[in-house]
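Data block for query05.csv (CSV, C-alpha atoms):
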```
chain,number,residue,atom,x,y,z
R,1,ASP,CA,-3.2,5.6,-20.8
R,2,GLY,CA,-0.8,3.8,-18.4
R,3,GLY,CA,-1.9,1.9,-15.3
R,4,ILE,CA,-2.5,-1.3,-13.5
R,5,THR,CA,-5.4,-3.6,-14.3
R,6,GLN,CA,-6.8,-6.1,-11.9
R,7,SER,CA,-9.6,-8.4,-12.9
R,8,PRO,CA,-12.2,-9.2,-11.9
R,9,LYS,CA,-13.3,-6.6,-9.4
R,10,TYR,CA,-15.3,-9.2,-7.4
R,11,LEU,CA,-14.6,-12.9,-7.3
R,12,PHE,CA,-16.6,-15.7,-5.6
R,13,ARG,CA,-15.3,-19.2,-5.0
R,14,LYS,CA,-16.1,-22.3,-3.1
R,15,GLU,CA,-13.9,-23.5,-0.3
R,16,GLY,CA,-11.3,-25.9,-1.6
R,17,GLN,CA,-10.9,-24.4,-5.0
R,18,ASN,CA,-7.8,-22.7,-6.3
R,19,VAL,CA,-8.4,-19.2,-7.8
R,20,THR,CA,-6.1,-17.0,-9.8
R,21,LEU,CA,-6.2,-13.2,-9.7
R,22,SER,CA,-5.0,-11.3,-12.7
R,23,CYS,CA,-2.7,-8.3,-12.6
R,24,GLU,CA,-1.4,-6.5,-15.7
R,25,GLN,CA,0.6,-3.2,-15.9
R,26,ASN,CA,1.7,-1.1,-18.9
R,27,LEU,CA,3.9,1.3,-16.9
R,28,ASN,CA,7.1,-0.6,-18.0
R,29,HIS,CA,7.8,-1.1,-14.3
R,30,ASP,CA,10.2,-3.9,-13.4
R,31,ALA,CA,8.9,-4.6,-9.9
R,32,MET,CA,5.5,-5.9,-9.0
R,33,TYR,CA,3.8,-6.7,-5.7
R,34,TRP,CA,0.8,-8.5,-4.2
R,35,TYR,CA,-0.8,-7.2,-1.0
R,36,ARG,CA,-3.7,-8.3,1.0
R,37,GLN,CA,-5.9,-6.0,3.0
R,38,ASP,CA,-8.2,-7.1,5.8
R,39,PRO,CA,-10.6,-4.8,7.8
R,40,GLY,CA,-8.7,-2.7,10.3
R,41,GLN,CA,-5.3,-3.8,9.1
R,42,GLY,CA,-2.7,-2.3,6.8
R,43,LEU,CA,-1.6,-3.8,3.6
R,44,ARG,CA,0.4,-7.0,4.1
R,45,LEU,CA,2.9,-8.1,1.5
R,46,ILE,CA,2.2,-11.6,0.0
R,47,TYR,CA,4.8,-11.8,-2.8
R,48,TYR,CA,6.9,-9.5,-4.8
R,49,SER,CA,9.0,-9.7,-8.0
R,50,GLN,CA,11.8,-7.4,-9.0
R,51,ILE,CA,12.5,-8.9,-12.4
R,52,VAL,CA,11.0,-11.4,-14.8
R,53,ASN,CA,11.3,-15.1,-13.8
R,54,ASP,CA,12.2,-14.1,-10.2
R,55,PHE,CA,10.0,-13.5,-7.2
R,56,GLN,CA,10.3,-13.5,-3.4
R,57,LYS,CA,8.0,-14.3,-0.5
R,58,GLY,CA,6.6,-11.5,1.5
R,59,ASP,CA,5.3,-11.5,5.0
R,60,ILE,CA,2.3,-13.8,4.4
R,61,ALA,CA,3.1,-16.0,1.5
R,62,GLU,CA,1.7,-19.3,2.9
R,63,GLY,CA,-1.2,-20.6,0.8
R,64,TYR,CA,-0.3,-18.4,-2.2
R,65,SER,CA,1.7,-18.8,-5.4
R,66,VAL,CA,2.8,-16.5,-8.1
R,67,SER,CA,4.5,-16.5,-11.5
R,68,ARG,CA,6.3,-13.8,-13.5
R,69,GLU,CA,6.8,-15.0,-17.0
R,70,LYS,CA,6.3,-11.5,-18.5
R,71,LYS,CA,7.2,-8.1,-17.3
R,72,GLU,CA,3.7,-6.9,-17.7
R,73,SER,CA,1.9,-9.7,-15.8
R,74,PHE,CA,2.1,-11.0,-12.2
R,75,PRO,CA,-0.8,-13.4,-11.5
R,76,LEU,CA,-1.5,-14.5,-8.0
R,77,THR,CA,-3.0,-18.0,-7.2
R,78,VAL,CA,-4.9,-18.4,-3.9
R,79,THR,CA,-4.7,-22.1,-3.2
R,80,SER,CA,-6.9,-24.2,-1.0
R,81,ALA,CA,-4.1,-24.2,1.6
R,82,GLN,CA,-4.8,-20.6,2.4
R,83,LYS,CA,-6.8,-20.7,5.6
R,84,ASN,CA,-8.6,-17.4,5.4
R,85,PRO,CA,-8.7,-16.4,1.7
R,86,THR,CA,-11.5,-13.9,1.9
R,87,ALA,CA,-10.0,-10.5,1.6
R,88,PHE,CA,-9.3,-7.5,-0.7
R,89,TYR,CA,-6.2,-8.2,-2.9
R,90,LEU,CA,-4.1,-5.4,-4.3
R,91,CYS,CA,-1.5,-5.5,-7.0
R,92,ALA,CA,1.2,-2.8,-7.3
R,93,SER,CA,4.2,-2.0,-9.4
R,94,SER,CA,7.2,0.3,-9.1
R,95,ILE,CA,10.4,1.3,-10.9
R,96,ALA,CA,13.2,-0.9,-9.7
R,97,GLY,CA,16.4,0.6,-8.6
R,98,GLY,CA,15.0,4.2,-8.5
R,99,LEU,CA,15.7,6.7,-5.8
R,100,THR,CA,12.2,6.7,-4.7
R,101,TYR,CA,10.0,3.7,-3.9
R,102,GLU,CA,6.5,4.9,-4.9
R,103,GLN,CA,4.3,2.0,-5.7
R,104,TYR,CA,1.4,2.4,-8.0
R,105,PHE,CA,-1.7,0.3,-7.2
R,106,GLY,CA,-4.4,-1.3,-9.2
R,107,PRO,CA,-8.1,-1.1,-8.2
R,108,GLY,CA,-8.1,-4.4,-6.3
R,109,THR,CA,-10.0,-7.6,-6.4
R,110,ARG,CA,-12.4,-8.6,-3.6
R,111,LEU,CA,-12.3,-12.3,-3.2
R,112,THR,CA,-15.0,-14.1,-1.2
R,113,VAL,CA,-14.7,-17.8,-0.4
R,114,THR,CA,-17.6,-19.7,1.0
P,1,ASP,CA,5.7,-7.4,14.5
P,2,GLN,CA,4.3,-4.2,13.0
P,3,GLN,CA,7.1,-1.8,12.2
P,4,VAL,CA,4.9,1.1,11.2
P,5,LYS,CA,2.0,2.1,13.5
P,6,GLN,CA,-0.9,4.5,13.1
P,7,ASN,CA,-2.4,4.6,16.5
P,8,SER,CA,-5.5,6.6,15.6
P,9,PRO,CA,-7.9,4.5,13.6
P,10,SER,CA,-10.1,7.5,12.8
P,11,LEU,CA,-10.2,11.2,12.7
P,12,SER,CA,-13.1,13.6,12.3
P,13,VAL,CA,-12.5,17.2,11.3
P,14,GLN,CA,-14.6,20.1,10.2
P,15,GLU,CA,-14.3,21.4,6.6
P,16,GLY,CA,-11.7,24.1,6.4
P,17,ARG,CA,-9.8,23.1,9.5
P,18,ILE,CA,-6.5,21.2,9.7
P,19,SER,CA,-6.2,17.4,9.7
P,20,ILE,CA,-3.2,16.0,11.5
P,21,LEU,CA,-2.4,12.3,11.0
P,22,ASN,CA,0.3,10.6,12.9
P,23,CYS,CA,2.6,7.7,12.3
P,24,ASP,CA,5.3,6.0,14.4
P,25,TYR,CA,7.9,3.5,13.3
P,26,THR,CA,10.3,1.2,15.1
P,27,ASN,CA,12.9,0.3,12.4
P,28,SER,CA,15.7,2.9,12.5
P,29,MET,CA,16.9,1.7,9.1
P,30,PHE,CA,13.8,3.2,7.4
P,31,ASP,CA,14.9,6.2,5.3
P,32,TYR,CA,12.0,6.9,3.0
P,33,PHE,CA,8.4,7.5,4.0
P,34,LEU,CA,5.2,7.8,2.0
P,35,TRP,CA,1.6,8.6,2.6
P,36,TYR,CA,-1.1,7.0,0.5
P,37,LYS,CA,-4.8,7.8,0.3
P,38,LYS,CA,-7.4,5.2,-0.3
P,39,TYR,CA,-11.1,5.4,-1.1
P,40,PRO,CA,-13.4,2.3,-0.5
P,41,ALA,CA,-13.1,-0.5,-3.0
P,42,GLU,CA,-10.2,1.3,-4.8
P,43,GLY,CA,-6.4,0.9,-4.7
P,44,PRO,CA,-4.3,3.4,-2.7
P,45,THR,CA,-3.0,6.4,-4.5
P,46,PHE,CA,0.3,8.0,-3.7
P,47,LEU,CA,0.0,11.3,-1.9
P,48,ILE,CA,3.3,12.6,-0.7
P,49,SER,CA,6.7,11.3,0.4
P,50,ILE,CA,9.8,12.4,2.4
P,51,SER,CA,13.4,11.3,2.6
P,52,SER,CA,15.2,10.9,5.9
P,53,ILE,CA,17.6,13.7,4.9
P,54,LYS,CA,14.7,16.2,5.1
P,55,ASP,CA,12.4,17.1,8.0
P,56,LYS,CA,9.6,18.6,6.0
P,57,ASN,CA,8.0,18.2,2.5
P,58,GLU,CA,5.1,20.3,1.2
P,59,ASP,CA,2.8,19.7,-1.8
P,60,GLY,CA,-0.1,22.1,-2.0
P,61,ARG,CA,-2.4,21.5,1.0
P,62,PHE,CA,-0.4,18.5,2.1
P,63,THR,CA,2.7,18.7,4.3
P,64,VAL,CA,4.6,15.8,5.8
P,65,PHE,CA,6.9,16.3,8.8
P,66,LEU,CA,9.6,13.8,9.9
P,67,ASN,CA,11.1,13.6,13.4
P,68,LYS,CA,13.9,11.0,13.1
P,69,SER,CA,14.9,11.1,16.7
P,70,ALA,CA,11.4,10.4,17.8
P,71,LYS,CA,10.8,8.0,14.9
P,72,HIS,CA,7.6,9.9,14.1
P,73,LEU,CA,6.1,11.5,11.1
P,74,SER,CA,2.9,13.4,10.6
P,75,LEU,CA,0.7,14.5,7.7
P,76,HIS,CA,-1.0,17.8,7.8
P,77,ILE,CA,-3.9,18.7,5.5
P,78,VAL,CA,-4.8,22.3,5.4
P,79,PRO,CA,-7.5,23.2,4.7
P,80,SER,CA,-9.4,20.0,4.9
P,81,GLN,CA,-12.0,19.4,2.2
P,82,PRO,CA,-14.9,16.9,1.9
P,83,GLY,CA,-13.0,15.0,-0.9
P,84,ASP,CA,-10.2,14.3,1.6
P,85,SER,CA,-12.5,11.9,3.4
P,86,ALA,CA,-10.6,8.6,2.9
P,87,VAL,CA,-8.3,6.1,4.6
P,88,TYR,CA,-4.7,7.3,4.9
P,89,PHE,CA,-1.8,4.9,5.1
P,90,CYS,CA,1.7,5.7,6.2
P,91,ALA,CA,4.4,3.5,4.7
P,92,ALA,CA,8.2,3.2,5.1
P,93,SER,CA,11.1,1.6,3.3
P,94,VAL,CA,14.8,1.0,3.5
P,95,SER,CA,17.1,2.1,0.7
P,96,ASP,CA,17.7,-0.5,-1.9
P,97,ASP,CA,14.8,-2.6,-0.6
P,98,TYR,CA,11.7,-2.4,-2.8
P,99,LYS,CA,9.4,-3.5,0.0
P,100,LEU,CA,7.1,-1.0,1.8
P,101,SER,CA,5.9,-1.5,5.3
P,102,PHE,CA,2.4,-0.1,5.8
P,103,GLY,CA,0.6,1.1,8.9
P,104,ALA,CA,-3.0,0.1,9.6
P,105,GLY,CA,-4.4,3.3,8.3
P,106,THR,CA,-6.4,6.2,9.7
P,107,THR,CA,-9.9,6.9,8.4
P,108,VAL,CA,-10.5,10.7,8.0
P,109,THR,CA,-14.0,12.1,7.8
P,110,VAL,CA,-14.3,15.8,6.9
P,111,ARG,CA,-17.6,17.2,8.1
P,112,ALA,CA,-19.3,20.0,6.2
```
Spell out the structure here as structure tokens.
Amino acid sequence: DGGITQSPKYLFRKEGQNVTLSCEQNLNHDAMYWYRQDPGQGLRLIYYSQIVNDFQKGDIAEGYSVSREKKESFPLTVTSAQKNPTAFYLCASSIAGGLTYEQYFGPGTRLTVT
Amino acid sequence: DQQVKQNSPSLSVQEGRISILNCDYTNSMFDYFLWYKKYPAEGPTFLISISSIKDKNEDGRFTVFLNKSAKHLSLHIVPSQPGDSAVYFCAASVSDDYKLSFGAGTTVTVRA
């Protein structure tokens, strides 16, 4: 059963701590993405990766870091430098180089930092 | 600068009637458009898409219309059902660019 897994669903951290959000996919997709959703706003792109060992900054990359050591995995670290880390984080993947650009999303992780 | 705009944050419609969701974009390079549906605390799911070479695409109860000259697209849901109550996001992309630009979403409530 192919899909995208994000864990955990809810995450709580103290201010000043780094936290890593997990994203795994078994769809054999080359491209993976991280978005952030805040109330009343659309999805904003944090980082994306088109291929293993390569990734690019999205629109709001400051305070975040990623790695892409395996095709299936694209973890996101929210660092203490991120000023407003509390948000709903979504991971997505897509076929790279296809004619369409449908992205498939995971269930999301809600991060609360206090 | 938001390149994809959904100016109606919410829409309430009676069950069985038509829901019309609107989306405007500013980047004339966009040539592929998608609609996603999202339930609370879940990830968005792909609903329907349209290429800029078409002006209409239909899939069951869902139809998307594209007006390139007006940089406007709309999603029609006919007939609306209670399970359609969700947030709908419009998204757009440029060929050979994997990134999607999303609108802020429209919350649809279907009343019984």
Closest atom pairs, residues of chain P within 8 Å of chain R, all atoms listed in the file, as CSV:
```
residue,atom,partner,partner_atom,distance
P:Pro9,CA,R:Gly40,CA,8.0
P:Tyr32,CA,R:Thr100,CA,7.7
P:Leu34,CA,R:Glu102,CA,7.6
P:Ala41,CA,R:Gly108,CA,7.1
P:Glu42,CA,R:Pro107,CA,4.7
P:Gly43,CA,R:Pro107,CA,4.4
P:Pro44,CA,R:Phe105,CA,6.1
P:Thr45,CA,R:Phe105,CA,6.8
P:Phe46,CA,R:Glu102,CA,7.0
P:Phe89,CA,R:Gly42,CA,7.5
P:Ser93,CA,R:Tyr101,CA,7.6
P:Asp96,CA,R:Gly97,CA,6.9
P:Tyr98,CA,R:Tyr101,CA,6.4
P:Leu100,CA,R:Tyr101,CA,7.9
P:Ser101,CA,R:Arg44,CA,7.9
P:Phe102,CA,R:Gly42,CA,5.6
P:Gly103,CA,R:Gly42,CA,5.2
P:Ala104,CA,R:Gly42,CA,3.7
P:Gly105,CA,R:Gly42,CA,6.0
```
Take the residues just selected and output them with C-alpha atoms as an mmCIF file, in the coordinates of the input.
```
data_model
loop_
_atom_site.group_PDB
_atom_site.id
_atom_site.type_symbol
_atom_site.label_atom_id
_atom_site.label_comp_id
_atom_site.auth_asym_id
_atom_site.auth_seq_id
_atom_site.Cartn_x
_atom_site.Cartn_y
_atom_site.Cartn_z
ATOM 1 C CA PRO P 9 -7.900 4.500 13.600
ATOM 2 C CA TYR P 32 12.000 6.900 3.000
ATOM 3 C CA LEU P 34 5.200 7.800 2.000
ATOM 4 C CA ALA P 41 -13.100 -0.500 -3.000
ATOM 5 C CA GLU P 42 -10.200 1.300 -4.800
ATOM 6 C CA GLY P 43 -6.400 0.900 -4.700
ATOM 7 C CA PRO P 44 -4.300 3.400 -2.700
ATOM 8 C CA THR P 45 -3.000 6.400 -4.500
ATOM 9 C CA PHE P 46 0.300 8.000 -3.700
ATOM 10 C CA PHE P 89 -1.800 4.900 5.100
ATOM 11 C CA SER P 93 11.100 1.600 3.300
ATOM 12 C CA ASP P 96 17.700 -0.500 -1.900
ATOM 13 C CA TYR P 98 11.700 -2.400 -2.800
ATOM 14 C CA LEU P 100 7.100 -1.000 1.800
ATOM 15 C CA SER P 101 5.900 -1.500 5.300
ATOM 16 C CA PHE P 102 2.400 -0.100 5.800
ATOM 17 C CA GLY P 103 0.600 1.100 8.900
ATOM 18 C CA ALA P 104 -3.000 0.100 9.600
ATOM 19 C CA GLY P 105 -4.400 3.300 8.300
#
```
Surrounding residues of Lys71 (chain P) excluding itself and chain neighbours under 4 positions, 9 Å, all atoms listed in the file, as number ranges by chain = P: 23-28, 66-67
In Å, rounded to a single decimal, give me how far CA of Tyr39 (chain P) is from CA of Ser22 (chain R).
->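 Taking CA of Ser22 (chain R) as the start and CA of Tyr39 (chain P) as the end point, the length is 21.2 Å.
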For Ser51 (chain P), which of P:His72, P:Lys38, P:Leu11, P:Phe33 is the closest residue, counting all atoms listed in the file?
->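 Of P:His72, P:Lys38, P:Leu11, P:Phe33, the one nearest Ser51 (chain P), counting all atoms listed in the file, is P:Phe33.
The coordinates place CA of Val52 (chain R) at 18.7 Å from CA of Thr20 (chain R).
Between CA of Gly16 (chain R) and CA of Lys57 (chain R) the separation is 22.5 Å.
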Which one is closest to Thr107 (chain P): P:Ser52, P:Ser74, P:Ser85, P:Ser80? Count only C-alpha atoms.
->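 Smallest separation from Thr107 (chain P) among the options: P:Ser85.
Closest to Tyr64 (chain R) among R:Thr114, R:Thr5, R:Asn18, R:Thr86 is R:Asn18, based on all atoms listed in the file.
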